[in-house]
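Colleague: Below you'll find the structure I mean.
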Amino acid sequence: MLTANLHSHVARVRESTPLVHCLTNLVVTNFTANVLLALGTAPAMVVAREEVAQFAPIADALSVNLGTLDVPQTRAIRAAVEAANVANTPWILDPVAVGPLAFRTEFAFDLLDAKPAVIRGNASEIISLSGGTASGRGVDSTAATDATLDATQVLALKTQAVVAVTGATDYVTDGRRTVALSNGSPLMTRVTGVGCALSATVAAFVGACASRDAWFDATVAAIACSAIAGELAARDAALPGSFAVAYLDRLASLGADDIDKTLVLREIA
Amino acid sequence: MLTANLHSHVARVRESTPLVHCLTNLVVTNFTANVLLALGTAPAMVVAREEVAQFAPIADALSVNLGTLDVPQTRAIRAAVEAANVANTPWILDPVAVGPLAFRTEFAFDLLDAKPAVIRGNASEIISLSGGTASGRGVDSTAATDATLDATQVLALKTQAVVAVTGATDYVTDGRRTVALSNGSPLMTRVTGVGCALSATVAAFVGACASRDAWFDATVAAIACSAIAGELAARDAALPGSFAVAYLDRLASLGADDIDKTLVLREIA
Amino acid sequence: MLTANLHSHVARVRESTPLVHCLTNLVVTNFTANVLLALGTAPAMVVAREEVAQFAPIADALSVNLGTLDVPQTRAIRAAVEAANVANTPWILDPVAVGPLAFRTEFAFDLLDAKPAVIRGNASEIISLSGGTASGRGVDSTAATDATLDATQVLALKTQAVVAVTGATDYVTDGRRTVALSNGSPLMTRVTGVGCALSATVAAFVGACASRDAWFDATVAAIACSAIAGELAARDAALPGSFAVAYLDRLASLGADDIDKTLVLREIA
């Protein structure tokens, strides 16, 4: 993947300000919206089953996150995903804590049939969705990212989605190509919602694509932006409160130079 | 409007610490509470239909925001508004994204019959509520603020509410007097909830009024405080993460001098 | 209580990273999670009645906060508390605004039968729960902390819970021993959720205990950490926006030295 290609995805997101419909968890709504705004995109958090279908064709992408799933939200998500598919609006699945909790795990498997454009999760979540057994501990991942590479590719081939598993190293695959990114900072795990907001960021980048052929590169670009902003923010701030502020600032100011000087990316398959 | 009058509204809010009951959207609860606390007022976010009626007479004002409306919240809002009217507690309507979405639009029109003290929205929302057709794009406004001046006055006369439309220039009207404010910063649109929290701020200022004759001036004062704090915060911070922090700090420290040196206000009718 | 004992509680929390299940209010989810992450513990906000029972045995502690209680949440809380008791997972009750509002007050009294490990509230709330009459004004407390000492001890003896009442001075009692802490800063009342997040912090400290004999000391340690971090953060930042950031930073960096130099604690019974 050419870095030039990555630059063009970032530029397209900033120019087109994609409107991202987020059906996400109660913990991260505010931070997710601020991440999208920092990047120059437009968040929208329409939640009612009565409204989501009408909103799907207006939005450029839909981001679905299962972090605080309950029965009313399952109905809203089903309606939103269905309407998004009718409207050819790509949608992203963030399967938070799927594996140990039966209710959301069954729902997440159901959603796989509705053809997400991208699935982004941690190692435990992606292994669980691929049909394996992971040792999830709440919303944290205890599986080593490297060990999940096989599961990631299996899931991508099975669902025809781009699959991203994030951790110390991030992997993105469409089942054929696989890219590894090694940017970021451990401080990103000390602020709630960085991963959840990344899924919404992926939605923004995918929503700005002219065709589905660009979804893989768009996903890589979104993850690179988040990880590089985090890595640079960790130079500005060493503690989590000020790091969260610096992270938003770095997302807003992220330039081509930052990316060129910082990106650590390799194609591994 | 005399600036002295504006000062007295700010002083009254700080001295009386009005208790503001907020029925708002899931994205901005935290930020709204922090804005109210920074100003020295007391937020309260009682949400259940079973509780809102009992809370209405305790509160000094009620702020209703439709950003993430769903069916249970429509019931809570109806009960809260009805109880507020019985208790003579003024209530403020923030009709987020009204226009393109039928469910909330119908609900917002219903609420107009319940006599809000103030309606605050962006241009698209206010045009829609006045019966016109706006080109809303999610929660953003695409209509020029200037073009909405007529709609704003129509809505004020129809509802007998003070109507405020905020944007690059903010307008406040009661259908007879109209004031334009030109403070603020584009960074205010890069932090989620600044507008929503402003509606709660208007509620605080209106809740501190001795009589309804003061609601117009109170609304102007609330908008001036928010816009001036934003303008000053933009001198402290150029990026959205640190701007949000500076905005809260500026709201907390806002003095008569800041207002006198910064305010750009003109009466236009 | 020996300060050495307090140090060991802080160390144990950092080493064991207790997983804290929070059923809390919509205003403070994000801040609560960030407080827990800053301290080095693991927050989890599973909310659906369908999931809470399955999560209880995975979690090290459960924190229940009634701030935005509604009917669906009462069902989730009942299921979570019941499962926590079956699994011997300690749970903490934060009875926000109990007293003036009948719905949550009745529910809170019901919950007392389910044997919370710790109850933490402000003076009005604790007086109400002890059976007295407090002059609550929304979520704020208007009762002087000193005057509530009797009520606190009555409630502890009645429920066999550790009871903590926080304010300018904080008191912790199990009905026999009582400790007073005098750290903190008035700025802690200008940021929403500091008290709510403290309840989750108490849950983390209690969840890290080897036996229930340590719950009293663990509660004192949690309150000391929060109050000292607040006191130190007030040296870093004088206004509420930047204070909130500094508070998270101070929680993350809090060392034995900070505690030794700052702690003001006395045993009063």
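How things are named: the first chain in the structure tokens is A, the next is B, and so on; residues count from 1 in each chain; ligands count from 1 in the order shown.
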Based on only C-alpha atoms, which of the residues in chain A come within 10 Å of chain B? I want them as a PDB file with N, CA and C atoms, in the first residue's frame.
Modeller:
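In the end it all went to part_34.pdb:
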ATOM      1  N   LEU A  19     -21.043  12.203   6.843  1.00  0.00           N
ATOM      2  CA  LEU A  19     -21.986  12.182   7.956  1.00  0.00           C
ATOM      3  C   LEU A  19     -22.068  10.747   8.472  1.00  0.00           C
ATOM      4  N   VAL A  20     -21.643  10.535   9.715  1.00  0.00           N
ATOM      5  CA  VAL A  20     -21.563   9.185  10.275  1.00  0.00           C
ATOM      6  C   VAL A  20     -22.658   8.984  11.315  1.00  0.00           C
ATOM      7  N   HIS A  21     -23.550   8.056  11.013  1.00  0.00           N
ATOM      8  CA  HIS A  21     -24.604   7.696  11.954  1.00  0.00           C
ATOM      9  C   HIS A  21     -24.037   6.672  12.933  1.00  0.00           C
ATOM     10  N   ASN A  25     -22.375   2.816  22.281  1.00  0.00           N
ATOM     11  CA  ASN A  25     -22.693   2.577  23.687  1.00  0.00           C
ATOM     12  C   ASN A  25     -22.727   3.870  24.498  1.00  0.00           C
ATOM     13  N   LEU A  26     -23.376   3.790  25.651  1.00  0.00           N
ATOM     14  CA  LEU A  26     -23.660   4.971  26.480  1.00  0.00           C
ATOM     15  C   LEU A  26     -22.412   5.602  27.073  1.00  0.00           C
ATOM     16  N   VAL A  27     -21.323   4.878  27.076  1.00  0.00           N
ATOM     17  CA  VAL A  27     -20.099   5.376  27.727  1.00  0.00           C
ATOM     18  C   VAL A  27     -19.333   6.320  26.800  1.00  0.00           C
ATOM     19  N   VAL A  28     -19.440   6.091  25.504  1.00  0.00           N
ATOM     20  CA  VAL A  28     -18.523   6.744  24.571  1.00  0.00           C
ATOM     21  C   VAL A  28     -19.191   7.687  23.583  1.00  0.00           C
ATOM     22  N   THR A  29     -20.471   7.957  23.738  1.00  0.00           N
ATOM     23  CA  THR A  29     -21.155   8.814  22.767  1.00  0.00           C
ATOM     24  C   THR A  29     -20.431  10.150  22.609  1.00  0.00           C
ATOM     25  N   ASN A  30     -20.131  10.803  23.728  1.00  0.00           N
ATOM     26  CA  ASN A  30     -19.536  12.129  23.674  1.00  0.00           C
ATOM     27  C   ASN A  30     -18.146  12.094  23.064  1.00  0.00           C
ATOM     28  N   PHE A  31     -17.326  11.166  23.518  1.00  0.00           N
ATOM     29  CA  PHE A  31     -15.957  11.090  23.018  1.00  0.00           C
ATOM     30  C   PHE A  31     -15.946  10.730  21.523  1.00  0.00           C
ATOM     31  N   THR A  32     -16.834   9.832  21.130  1.00  0.00           N
ATOM     32  CA  THR A  32     -16.915   9.447  19.720  1.00  0.00           C
ATOM     33  C   THR A  32     -17.272  10.655  18.852  1.00  0.00           C
ATOM     34  N   ALA A  33     -18.257  11.420  19.294  1.00  0.00           N
ATOM     35  CA  ALA A  33     -18.647  12.610  18.528  1.00  0.00           C
ATOM     36  C   ALA A  33     -17.476  13.592  18.458  1.00  0.00           C
ATOM     37  N   ASN A  34     -16.763  13.764  19.552  1.00  0.00           N
ATOM     38  CA  ASN A  34     -15.643  14.707  19.545  1.00  0.00           C
ATOM     39  C   ASN A  34     -14.483  14.221  18.673  1.00  0.00           C
ATOM     40  N   VAL A  35     -14.258  12.923  18.625  1.00  0.00           N
ATOM     41  CA  VAL A  35     -13.239  12.385  17.719  1.00  0.00           C
ATOM     42  C   VAL A  35     -13.628  12.672  16.270  1.00  0.00           C
ATOM     43  N   LEU A  36     -14.889  12.410  15.933  1.00  0.00           N
ATOM     44  CA  LEU A  36     -15.336  12.651  14.552  1.00  0.00           C
ATOM     45  C   LEU A  36     -15.263  14.141  14.204  1.00  0.00           C
ATOM     46  N   LEU A  37     -15.642  14.983  15.125  1.00  0.00           N
ATOM     47  CA  LEU A  37     -15.569  16.433  14.886  1.00  0.00           C
ATOM     48  C   LEU A  37     -14.120  16.898  14.775  1.00  0.00           C
ATOM     49  N   ALA A  38     -13.241  16.345  15.597  1.00  0.00           N
ATOM     50  CA  ALA A  38     -11.827  16.723  15.530  1.00  0.00           C
ATOM     51  C   ALA A  38     -11.256  16.396  14.149  1.00  0.00           C
ATOM     52  N   LEU A  39     -11.690  15.262  13.604  1.00  0.00           N
ATOM     53  CA  LEU A  39     -11.226  14.843  12.282  1.00  0.00           C
ATOM     54  C   LEU A  39     -11.865  15.653  11.157  1.00  0.00           C
ATOM     55  N   GLY A  40     -12.874  16.419  11.473  1.00  0.00           N
ATOM     56  CA  GLY A  40     -13.545  17.210  10.453  1.00  0.00           C
ATOM     57  C   GLY A  40     -14.734  16.518   9.818  1.00  0.00           C
ATOM     58  N   THR A  41     -15.205  15.440  10.437  1.00  0.00           N
ATOM     59  CA  THR A  41     -16.387  14.757   9.913  1.00  0.00           C
ATOM     60  C   THR A  41     -17.592  15.105  10.779  1.00  0.00           C
ATOM     61  N   ALA A  42     -18.764  14.623  10.385  1.00  0.00           N
ATOM     62  CA  ALA A  42     -20.001  15.023  11.060  1.00  0.00           C
ATOM     63  C   ALA A  42     -20.657  13.820  11.726  1.00  0.00           C
ATOM     64  N   PRO A  43     -20.683  13.794  13.068  1.00  0.00           N
ATOM     65  CA  PRO A  43     -21.369  12.707  13.763  1.00  0.00           C
ATOM     66  C   PRO A  43     -22.861  12.942  13.876  1.00  0.00           C
ATOM     67  N   ALA A  44     -23.628  11.868  13.936  1.00  0.00           N
ATOM     68  CA  ALA A  44     -25.072  11.965  14.193  1.00  0.00           C
ATOM     69  C   ALA A  44     -25.466  10.744  14.991  1.00  0.00           C
ATOM     70  N   MET A  45     -26.158  10.970  16.114  1.00  0.00           N
ATOM     71  CA  MET A  45     -26.488   9.869  17.022  1.00  0.00           C
ATOM     72  C   MET A  45     -27.998   9.727  17.143  1.00  0.00           C
ATOM     73  N   VAL A  46     -28.623   9.369  16.061  1.00  0.00           N
ATOM     74  CA  VAL A  46     -30.059   9.121  16.060  1.00  0.00           C
ATOM     75  C   VAL A  46     -30.265   7.699  16.582  1.00  0.00           C
ATOM     76  N   VAL A  47     -31.063   7.511  17.644  1.00  0.00           N
ATOM     77  CA  VAL A  47     -31.106   6.214  18.322  1.00  0.00           C
ATOM     78  C   VAL A  47     -32.430   5.461  18.227  1.00  0.00           C
ATOM     79  N   ALA A  48     -33.539   6.157  17.962  1.00  0.00           N
ATOM     80  CA  ALA A  48     -34.840   5.508  18.060  1.00  0.00           C
ATOM     81  C   ALA A  48     -35.121   4.624  16.848  1.00  0.00           C
ATOM     82  N   ARG A  49     -35.706   3.468  17.127  1.00  0.00           N
ATOM     83  CA  ARG A  49     -36.118   2.582  16.043  1.00  0.00           C
ATOM     84  C   ARG A  49     -37.003   3.323  15.047  1.00  0.00           C
ATOM     85  N   GLU A  50     -37.781   4.292  15.555  1.00  0.00           N
ATOM     86  CA  GLU A  50     -38.706   5.046  14.706  1.00  0.00           C
ATOM     87  C   GLU A  50     -37.972   5.984  13.743  1.00  0.00           C
ATOM     88  N   GLU A  51     -36.693   6.248  13.985  1.00  0.00           N
ATOM     89  CA  GLU A  51     -35.997   7.245  13.171  1.00  0.00           C
ATOM     90  C   GLU A  51     -34.843   6.688  12.343  1.00  0.00           C
ATOM     91  N   VAL A  52     -34.256   5.590  12.790  1.00  0.00           N
ATOM     92  CA  VAL A  52     -33.004   5.161  12.167  1.00  0.00           C
ATOM     93  C   VAL A  52     -33.160   4.833  10.689  1.00  0.00           C
ATOM     94  N   ALA A  53     -34.288   4.260  10.321  1.00  0.00           N
ATOM     95  CA  ALA A  53     -34.459   3.880   8.921  1.00  0.00           C
ATOM     96  C   ALA A  53     -34.515   5.121   8.029  1.00  0.00           C
ATOM     97  N   GLN A  54     -35.147   6.174   8.538  1.00  0.00           N
ATOM     98  CA  GLN A  54     -35.237   7.406   7.753  1.00  0.00           C
ATOM     99  C   GLN A  54     -33.875   8.095   7.648  1.00  0.00           C
ATOM    100  N   PHE A  55     -33.024   7.832   8.635  1.00  0.00           N
ATOM    101  CA  PHE A  55     -31.736   8.513   8.642  1.00  0.00           C
ATOM    102  C   PHE A  55     -30.692   7.797   7.775  1.00  0.00           C
ATOM    103  N   ILE A  58     -29.613   9.285   4.495  1.00  0.00           N
ATOM    104  CA  ILE A  58     -28.999  10.605   4.639  1.00  0.00           C
ATOM    105  C   ILE A  58     -27.528  10.461   5.023  1.00  0.00           C
ATOM    106  N   ALA A  59     -27.233   9.432   5.817  1.00  0.00           N
ATOM    107  CA  ALA A  59     -25.868   9.255   6.319  1.00  0.00           C
ATOM    108  C   ALA A  59     -24.947   8.675   5.243  1.00  0.00           C
ATOM    109  N   PRO A  72     -34.120  -2.728  23.342  1.00  0.00           N
ATOM    110  CA  PRO A  72     -34.522  -1.652  22.420  1.00  0.00           C
ATOM    111  C   PRO A  72     -33.421  -1.317  21.405  1.00  0.00           C
ATOM    112  N   SER A 242      -4.737  14.490  30.497  1.00  0.00           N
ATOM    113  CA  SER A 242      -4.218  15.418  29.492  1.00  0.00           C
ATOM    114  C   SER A 242      -3.955  14.700  28.165  1.00  0.00           C
ATOM    115  N   PHE A 243      -3.701  13.394  28.220  1.00  0.00           N
ATOM    116  CA  PHE A 243      -3.523  12.643  26.969  1.00  0.00           C
ATOM    117  C   PHE A 243      -4.804  12.667  26.127  1.00  0.00           C
ATOM    118  N   ALA A 244      -5.952  12.510  26.770  1.00  0.00           N
ATOM    119  CA  ALA A 244      -7.221  12.505  26.020  1.00  0.00           C
ATOM    120  C   ALA A 244      -7.427  13.827  25.285  1.00  0.00           C
ATOM    121  N   VAL A 245      -7.067  14.915  25.946  1.00  0.00           N
ATOM    122  CA  VAL A 245      -7.177  16.237  25.320  1.00  0.00           C
ATOM    123  C   VAL A 245      -6.194  16.340  24.145  1.00  0.00           C
ATOM    124  N   ALA A 246      -4.970  15.914  24.378  1.00  0.00           N
ATOM    125  CA  ALA A 246      -3.941  15.986  23.333  1.00  0.00           C
ATOM    126  C   ALA A 246      -4.296  15.105  22.130  1.00  0.00           C
ATOM    127  N   TYR A 247      -4.942  13.972  22.405  1.00  0.00           N
ATOM    128  CA  TYR A 247      -5.335  13.058  21.328  1.00  0.00           C
ATOM    129  C   TYR A 247      -6.313  13.743  20.371  1.00  0.00           C
ATOM    130  N   LEU A 248      -7.302  14.425  20.928  1.00  0.00           N
ATOM    131  CA  LEU A 248      -8.253  15.155  20.082  1.00  0.00           C
ATOM    132  C   LEU A 248      -7.536  16.266  19.310  1.00  0.00           C
ATOM    133  N   ASP A 249      -6.649  16.972  19.982  1.00  0.00           N
ATOM    134  CA  ASP A 249      -5.901  18.036  19.298  1.00  0.00           C
ATOM    135  C   ASP A 249      -5.065  17.473  18.153  1.00  0.00           C
ATOM    136  N   ARG A 250      -4.414  16.338  18.396  1.00  0.00           N
ATOM    137  CA  ARG A 250      -3.567  15.744  17.356  1.00  0.00           C
ATOM    138  C   ARG A 250      -4.392  15.218  16.181  1.00  0.00           C
ATOM    139  N   LEU A 251      -5.570  14.674  16.475  1.00  0.00           N
ATOM    140  CA  LEU A 251      -6.447  14.239  15.378  1.00  0.00           C
ATOM    141  C   LEU A 251      -6.826  15.432  14.506  1.00  0.00           C
ATOM    142  N   ALA A 252      -7.090  16.565  15.140  1.00  0.00           N
ATOM    143  CA  ALA A 252      -7.530  17.747  14.399  1.00  0.00           C
ATOM    144  C   ALA A 252      -6.401  18.358  13.567  1.00  0.00           C
ATOM    145  N   SER A 253      -5.178  18.225  14.055  1.00  0.00           N
ATOM    146  CA  SER A 253      -4.055  18.895  13.380  1.00  0.00           C
ATOM    147  C   SER A 253      -3.237  17.943  12.512  1.00  0.00           C
TER     148      SER A 253
END
Colleague: Please identify all polymer residues within 8 Å of range 2-14 of chain A, counting only C-alpha atoms, omitting same-chain residues fewer than 5 positions from it, and present them as a PyMOL selection string.
Modeller: chain A and resi 39-41+204-205+208-209+217-218+220-222+256+260
Colleague: Could you go through range 3-70 of chain C and tell me which residues DSSP, when run on the backbone, assigns to strand (DSSP E or B), listing them as an MDAnalysis selection string?
Modeller: chainID C and resid 19:23 42:44 61:65
Colleague: Keeping only N, CA and C atoms, take the residues you just selected and write them out as a CSV table (one decimal), in the first residue's frame.
Modeller:
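The result, stored in result-v3.csv:
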chain,number,residue,atom,x,y,z
C,19,LEU,N,-11.9,-5.7,38.0
C,19,LEU,CA,-12.9,-5.4,37.0
C,19,LEU,C,-14.2,-4.9,37.7
C,20,VAL,N,-14.6,-3.7,37.4
C,20,VAL,CA,-15.7,-3.1,38.1
C,20,VAL,C,-16.9,-3.0,37.2
C,21,HIS,N,-18.0,-3.7,37.5
C,21,HIS,CA,-19.2,-3.6,36.7
C,21,HIS,C,-20.0,-2.4,37.3
C,22,CYS,N,-20.2,-1.4,36.4
C,22,CYS,CA,-20.9,-0.2,36.8
C,22,CYS,C,-22.3,-0.1,36.2
C,23,LEU,N,-23.3,0.0,37.0
C,23,LEU,CA,-24.7,0.3,36.5
C,23,LEU,C,-24.9,1.7,37.1
C,42,ALA,N,-10.2,-1.7,35.8
C,42,ALA,CA,-10.9,-2.0,34.5
C,42,ALA,C,-12.4,-1.8,34.7
C,43,PRO,N,-13.0,-0.8,34.0
C,43,PRO,CA,-14.4,-0.6,34.1
C,43,PRO,C,-15.2,-1.4,33.1
C,44,ALA,N,-16.4,-1.8,33.4
C,44,ALA,CA,-17.3,-2.5,32.4
C,44,ALA,C,-18.7,-2.0,32.7
C,61,ALA,N,-16.3,-6.5,41.4
C,61,ALA,CA,-17.2,-5.7,42.2
C,61,ALA,C,-18.3,-5.1,41.3
C,62,LEU,N,-19.4,-4.7,41.9
C,62,LEU,CA,-20.5,-4.0,41.2
C,62,LEU,C,-20.8,-2.7,41.8
C,63,SER,N,-20.9,-1.7,41.0
C,63,SER,CA,-21.2,-0.3,41.5
C,63,SER,C,-22.6,0.1,41.0
C,64,VAL,N,-23.5,0.4,41.9
C,64,VAL,CA,-24.9,0.7,41.5
C,64,VAL,C,-25.2,2.2,41.9
C,65,ASN,N,-25.6,3.0,40.9
C,65,ASN,CA,-25.8,4.4,41.1
C,65,ASN,C,-27.2,4.8,40.5
Colleague: Rounded to one decimal, what separation in Å do you get between CA of Asn183 in chain B and CA of Gly255 in chain B?
Modeller: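 Computed distance, CA of Asn183 in chain B to CA of Gly255 in chain B, equals 15.7 Å.
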Colleague: Tell me, in Å to one decimal, how far CA of Thr201 in chain B is from CA of Asp170 in chain B.
Modeller: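 Between CA of Thr201 in chain B and CA of Asp170 in chain B the gap works out to 15.0 Å.
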Colleague: Could you check how far CA of Leu157 in chain A sits from CA of Gly175 in chain A, in Å to one decimal?
Modeller: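 Going from CA of Leu157 in chain A over to CA of Gly175 in chain A covers 5.1 Å.
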Colleague: Taking the chain letters and numbering used in this document, name the residues of range 63-211 of chain A that DSSP puts in helix (DSSP H, G or I), as a ChimeraX atom specification.
Modeller: /A:71-86,102-112,123-129,146-159,186-190,194-207
